[in-house]
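A.B. asks: To start, I am sharing the structure in question, which I have written as structure tokens.
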Amino acid sequence: MRPWLRRCLLTVSVFALCWTGAIAYWRDSTRMPAPGELAGAMLALPLALLLILWLGKKLLLRLLAGPALAAAPGLAAPLQAEAAAPPVLPAPLQIVAATLRMPGGATPAELLAAMRSRQARPALDDELLDEDGYPLLCGRVEGIDEEAQQQLLAAWLREHPQAGLASDPFPFNPEDLRALALGADVLADLLDEALQHALSAGTAASPASAPPMLRLHPLMPASWSAAQRQAGDAWLRHLAREQGWPAQTLLPADEPGTRQPAPFALLNQLAVHAPTQPPCLAIVLACDSGLGELRVHALSSQGKLFSASQANGQIPGEGAAGLLLASPGAAAPLDEPAPVLLHRAATGELPQGAGQQGKADKSMLADLGRQALAAAGDEAAAGIALVSADTDQRANRMLELMQCAGALLPQLDLGEQVLGVGAACGQCGAVTTLAALAMARQAAADDGTHVLCLSNLDPLQRGALVIGPPAENSHSAT
């Protein structure tokens, strides 16, 4: 039973007991109580009993805590020392570049400008219709050639069979092809940025030289099977090799079948493991598309599709987004601006069932935001000029975002300085989260300020982190 419910039941029980006893006493004595007796029996006595119970509980806990610590002196000292010692956090990763393809823009700069001017918003789609034949509201990226993408992928699958995935019939739906096409565009941009960064840093003398070591971390659509995710990962690595990256410079992928981490959790893993691994660049990329008849039908049958009668439903979206990351402390090329820093994320998970409408714990996101601000330092906490989130248009998600931003950063204009990518572009899973990070990196690089990034799009996962320019001493050190 929840603590607040237990407290409410205890309070009601005490008042009911006092009132019942007083009424029974006055009825047996056959006399009318005075006003003072009424106030004392109906109000003062229950409150006094509740105060005694509260003080007694505090005193009992204190008396029990003393013998417990005295019985384990070897445990008390380490616990006190651990509480006193501040946690050792990994150094922030460096965001060398970020790019995206979203309905609101083809670059982070375009998306940021469109969202600040309120020009990015879902639109009625001519190709996707609801059960009554009316156009659906969604976020579509124009200019994707599904047929050309299918021909390329089908030919590659015939030449490179994938475990657990038959090439005939073709194992990907049209929306899957759209996701891979968008992911390929973003990957090409990030690979170009990685090569330019390596040339500027002097690690490659010429375009013919070997590119630097690169870790590729693709986040495929959550609806895909393990075999589809493995094939998508292999396809993107094939495209990277075609673009000039030798196989020996592409570090191995994760084990097939492993569960994909949430974007913020993956970034934390990269920061923790970076000091123990050779210096290299890393690409974190996500692609997804919900603009398919099967995906829309699944949402509609579950009552999760946005409509006139379902205002808290999801608006399907599509896109791709990615970050190019460098190890902490890596020296920036002399002819490039100092990379933006990606501080450690604070992550949490709500209990099962909390993601339903009205049941989310709105305080968790604010708590994680405080942890993220503390991890970034006092200067970052005082210099937040923007909140970038993956939040969509659903009322409970938007209320959670605004309550968090208002509690942590009361100086911000919630209407102008708090931006939710999901509300502007539709929902497409991890892509929406990485797009919010890419947009935050753009704002931090343009304005030289810190940006708080929040994630509450997932039903259960919550996260917060700070993106911002290096400190002044970091500039001088590089």
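Here's how to read the names in the structure tokens: chain A, B, ... by the order shown, residue numbers from 1 in each chain, ligand numbers from 1 in the order shown.
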What are the closest atom pairs, with distances in Å to one decimal, for all residues of region 383-471 of chain A lying within 12 Å of region 368-378 of chain A? Consider only C-alpha atoms, order rows by chain and residue number, and present the result as JSON lines.

C.D. replies:
{"residue": "A:Gly383", "atom": "CA", "partner": "A:Asp378", "partner_atom": "CA", "distance": 8.7}
{"residue": "A:Ile384", "atom": "CA", "partner": "A:Leu373", "partner_atom": "CA", "distance": 9.2}
{"residue": "A:Val387", "atom": "CA", "partner": "A:Gly369", "partner_atom": "CA", "distance": 10.7}
{"residue": "A:Ala389", "atom": "CA", "partner": "A:Gly369", "partner_atom": "CA", "distance": 11.7}
{"residue": "A:Leu401", "atom": "CA", "partner": "A:Gly369", "partner_atom": "CA", "distance": 10.6}
{"residue": "A:Gln403", "atom": "CA", "partner": "A:Gly369", "partner_atom": "CA", "distance": 11.5}
{"residue": "A:Cys404", "atom": "CA", "partner": "A:Gly369", "partner_atom": "CA", "distance": 7.7}
{"residue": "A:Ala405", "atom": "CA", "partner": "A:Gly369", "partner_atom": "CA", "distance": 8.7}
{"residue": "A:Gly406", "atom": "CA", "partner": "A:Gly369", "partner_atom": "CA", "distance": 11.4}
{"residue": "A:Ala407", "atom": "CA", "partner": "A:Gly369", "partner_atom": "CA", "distance": 9.8}
{"residue": "A:Leu408", "atom": "CA", "partner": "A:Arg370", "partner_atom": "CA", "distance": 7.2}
{"residue": "A:Leu409", "atom": "CA", "partner": "A:Gly369", "partner_atom": "CA", "distance": 10.0}
{"residue": "A:His450", "atom": "CA", "partner": "A:Ala376", "partner_atom": "CA", "distance": 9.4}
{"residue": "A:Val451", "atom": "CA", "partner": "A:Leu373", "partner_atom": "CA", "distance": 10.0}
{"residue": "A:Leu452", "atom": "CA", "partner": "A:Gly369", "partner_atom": "CA", "distance": 7.9}
{"residue": "A:Cys453", "atom": "CA", "partner": "A:Gly369", "partner_atom": "CA", "distance": 8.5}
{"residue": "A:Leu454", "atom": "CA", "partner": "A:Gly369", "partner_atom": "CA", "distance": 7.5}
{"residue": "A:Ser455", "atom": "CA", "partner": "A:Gly369", "partner_atom": "CA", "distance": 10.0}
{"residue": "A:Asn456", "atom": "CA", "partner": "A:Leu368", "partner_atom": "CA", "distance": 11.1}
{"residue": "A:Gln461", "atom": "CA", "partner": "A:Leu368", "partner_atom": "CA", "distance": 11.3}
{"residue": "A:Arg462", "atom": "CA", "partner": "A:Leu368", "partner_atom": "CA", "distance": 7.9}
{"residue": "A:Gly463", "atom": "CA", "partner": "A:Leu368", "partner_atom": "CA", "distance": 6.4}
{"residue": "A:Ala464", "atom": "CA", "partner": "A:Gly369", "partner_atom": "CA", "distance": 5.3}
{"residue": "A:Leu465", "atom": "CA", "partner": "A:Ala372", "partner_atom": "CA", "distance": 4.9}
{"residue": "A:Val466", "atom": "CA", "partner": "A:Ala372", "partner_atom": "CA", "distance": 6.3}
{"residue": "A:Ile467", "atom": "CA", "partner": "A:Ala376", "partner_atom": "CA", "distance": 8.5}
{"residue": "A:Gly468", "atom": "CA", "partner": "A:Ala376", "partner_atom": "CA", "distance": 8.8}
{"residue": "A:Pro469", "atom": "CA", "partner": "A:Ala376", "partner_atom": "CA", "distance": 11.0}
{"residue": "A:Pro470", "atom": "CA", "partner": "A:Ala376", "partner_atom": "CA", "distance": 10.6}
{"residue": "A:Ala471", "atom": "CA", "partner": "A:Gly377", "partner_atom": "CA", "distance": 10.3}

A.B. asks: Those same residues - N, CA, C and O atoms - I'd like them written as a CSV table (one decimal), in the first residue's frame.

C.D. replies:
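And here's result_19.csv as it stands now:
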chain,number,residue,atom,x,y,z
A,383,GLY,N,23.9,28.6,-16.2
A,383,GLY,CA,23.9,29.2,-17.5
A,383,GLY,C,23.0,28.5,-18.5
A,383,GLY,O,23.1,28.6,-19.7
A,384,ILE,N,22.0,27.7,-18.0
A,384,ILE,CA,21.0,27.1,-18.9
A,384,ILE,C,20.2,28.1,-19.6
A,384,ILE,O,19.5,28.9,-18.9
A,387,VAL,N,15.9,24.4,-22.9
A,387,VAL,CA,15.5,23.0,-22.6
A,387,VAL,C,15.1,22.4,-23.9
A,387,VAL,O,14.2,22.8,-24.5
A,389,ALA,N,13.9,18.7,-25.5
A,389,ALA,CA,13.3,17.5,-25.0
A,389,ALA,C,12.7,16.7,-26.1
A,389,ALA,O,12.5,17.2,-27.2
A,401,LEU,N,6.9,17.7,-18.6
A,401,LEU,CA,8.1,18.5,-19.0
A,401,LEU,C,8.0,19.9,-18.5
A,401,LEU,O,9.0,20.5,-18.0
A,403,GLN,N,6.3,21.1,-15.8
A,403,GLN,CA,6.5,21.1,-14.4
A,403,GLN,C,8.0,21.0,-14.0
A,403,GLN,O,8.5,21.7,-13.1
A,404,CYS,N,8.7,20.1,-14.7
A,404,CYS,CA,10.1,19.9,-14.5
A,404,CYS,C,10.9,21.2,-14.8
A,404,CYS,O,11.7,21.7,-14.0
A,405,ALA,N,10.7,21.8,-16.0
A,405,ALA,CA,11.4,23.0,-16.4
A,405,ALA,C,11.1,24.1,-15.5
A,405,ALA,O,12.0,24.9,-15.1
A,406,GLY,N,9.8,24.3,-15.1
A,406,GLY,CA,9.5,25.4,-14.2
A,406,GLY,C,10.1,25.2,-12.8
A,406,GLY,O,10.5,26.2,-12.2
A,407,ALA,N,10.2,24.0,-12.3
A,407,ALA,CA,10.8,23.8,-11.0
A,407,ALA,C,12.3,24.0,-11.0
A,407,ALA,O,12.8,24.6,-10.1
A,408,LEU,N,13.0,23.5,-12.1
A,408,LEU,CA,14.4,23.6,-12.1
A,408,LEU,C,14.9,25.0,-12.6
A,408,LEU,O,16.0,25.5,-12.1
A,409,LEU,N,14.2,25.5,-13.6
A,409,LEU,CA,14.7,26.7,-14.2
A,409,LEU,C,13.6,27.8,-14.3
A,409,LEU,O,13.1,28.1,-15.4
A,450,HIS,N,24.8,26.6,-22.1
A,450,HIS,CA,24.4,25.3,-21.8
A,450,HIS,C,23.0,25.0,-22.1
A,450,HIS,O,22.1,25.9,-22.0
A,451,VAL,N,22.7,23.7,-22.4
A,451,VAL,CA,21.3,23.3,-22.7
A,451,VAL,C,21.0,22.1,-21.9
A,451,VAL,O,21.8,21.1,-21.8
A,452,LEU,N,19.8,22.1,-21.2
A,452,LEU,CA,19.4,20.9,-20.5
A,452,LEU,C,18.5,20.1,-21.4
A,452,LEU,O,17.6,20.6,-22.0
A,453,CYS,N,18.9,18.8,-21.6
A,453,CYS,CA,18.1,17.9,-22.4
A,453,CYS,C,17.4,16.9,-21.5
A,453,CYS,O,17.9,16.3,-20.6
A,454,LEU,N,16.1,16.7,-21.8
A,454,LEU,CA,15.2,15.9,-21.0
A,454,LEU,C,14.5,14.9,-21.9
A,454,LEU,O,14.3,15.1,-23.1
A,455,SER,N,14.3,13.7,-21.4
A,455,SER,CA,13.7,12.6,-22.1
A,455,SER,C,12.6,12.0,-21.3
A,455,SER,O,12.8,11.4,-20.2
A,456,ASN,N,11.3,12.1,-21.8
A,456,ASN,CA,10.2,11.4,-21.2
A,456,ASN,C,9.2,10.9,-22.2
A,456,ASN,O,8.0,10.7,-21.9
A,461,GLN,N,11.0,4.9,-19.4
A,461,GLN,CA,12.4,5.5,-19.3
A,461,GLN,C,12.3,7.0,-19.1
A,461,GLN,O,11.6,7.7,-19.8
A,462,ARG,N,13.2,7.5,-18.2
A,462,ARG,CA,13.3,9.0,-18.0
A,462,ARG,C,14.8,9.3,-18.0
A,462,ARG,O,15.6,8.5,-17.5
A,463,GLY,N,15.2,10.5,-18.5
A,463,GLY,CA,16.6,10.8,-18.5
A,463,GLY,C,16.8,12.3,-18.6
A,463,GLY,O,15.9,13.1,-19.0
A,464,ALA,N,17.9,12.8,-18.2
A,464,ALA,CA,18.3,14.2,-18.2
A,464,ALA,C,19.8,14.3,-18.4
A,464,ALA,O,20.6,13.5,-17.8
A,465,LEU,N,20.3,15.2,-19.2
A,465,LEU,CA,21.7,15.5,-19.3
A,465,LEU,C,21.9,16.9,-19.7
A,465,LEU,O,21.0,17.6,-20.2
A,466,VAL,N,23.1,17.4,-19.6
A,466,VAL,CA,23.5,18.8,-20.0
A,466,VAL,C,24.5,18.8,-21.1
A,466,VAL,O,25.4,18.0,-21.1
A,467,ILE,N,24.2,19.6,-22.1
A,467,ILE,CA,25.1,19.8,-23.2
A,467,ILE,C,25.6,21.2,-23.2
A,467,ILE,O,24.8,22.1,-23.1
A,468,GLY,N,26.9,21.4,-23.3
A,468,GLY,CA,27.4,22.8,-23.3
A,468,GLY,C,28.8,23.0,-23.7
A,468,GLY,O,29.5,22.0,-23.9
A,469,PRO,N,29.2,24.2,-24.0
A,469,PRO,CA,30.6,24.4,-24.4
A,469,PRO,C,31.6,24.1,-23.3
A,469,PRO,O,31.3,24.1,-22.1
A,470,PRO,N,32.9,23.8,-23.7
A,470,PRO,CA,33.9,23.6,-22.7
A,470,PRO,C,34.1,24.8,-21.8
A,470,PRO,O,33.8,25.9,-22.1
A,471,ALA,N,34.6,24.5,-20.6
A,471,ALA,CA,35.0,25.6,-19.7
A,471,ALA,C,36.2,26.3,-20.3
A,471,ALA,O,36.9,25.8,-21.1

A.B. asks: Skip region 121-134 of chain A itself and residues of its chain fewer than 6 positions away, then list as a list in words all residues within 10 Å of it, counting only C-alpha atoms.

C.D. replies: Pro103, Gly104, Ala114, Met115, Arg140, Leu291, Gly292, Glu293, Val296, His297, Ser300, Leu305, Ser307, Ile315, Pro316, Gly317, Val421, Gly422, Ala423, Ala424, Cys425 and Gly426 of chain A
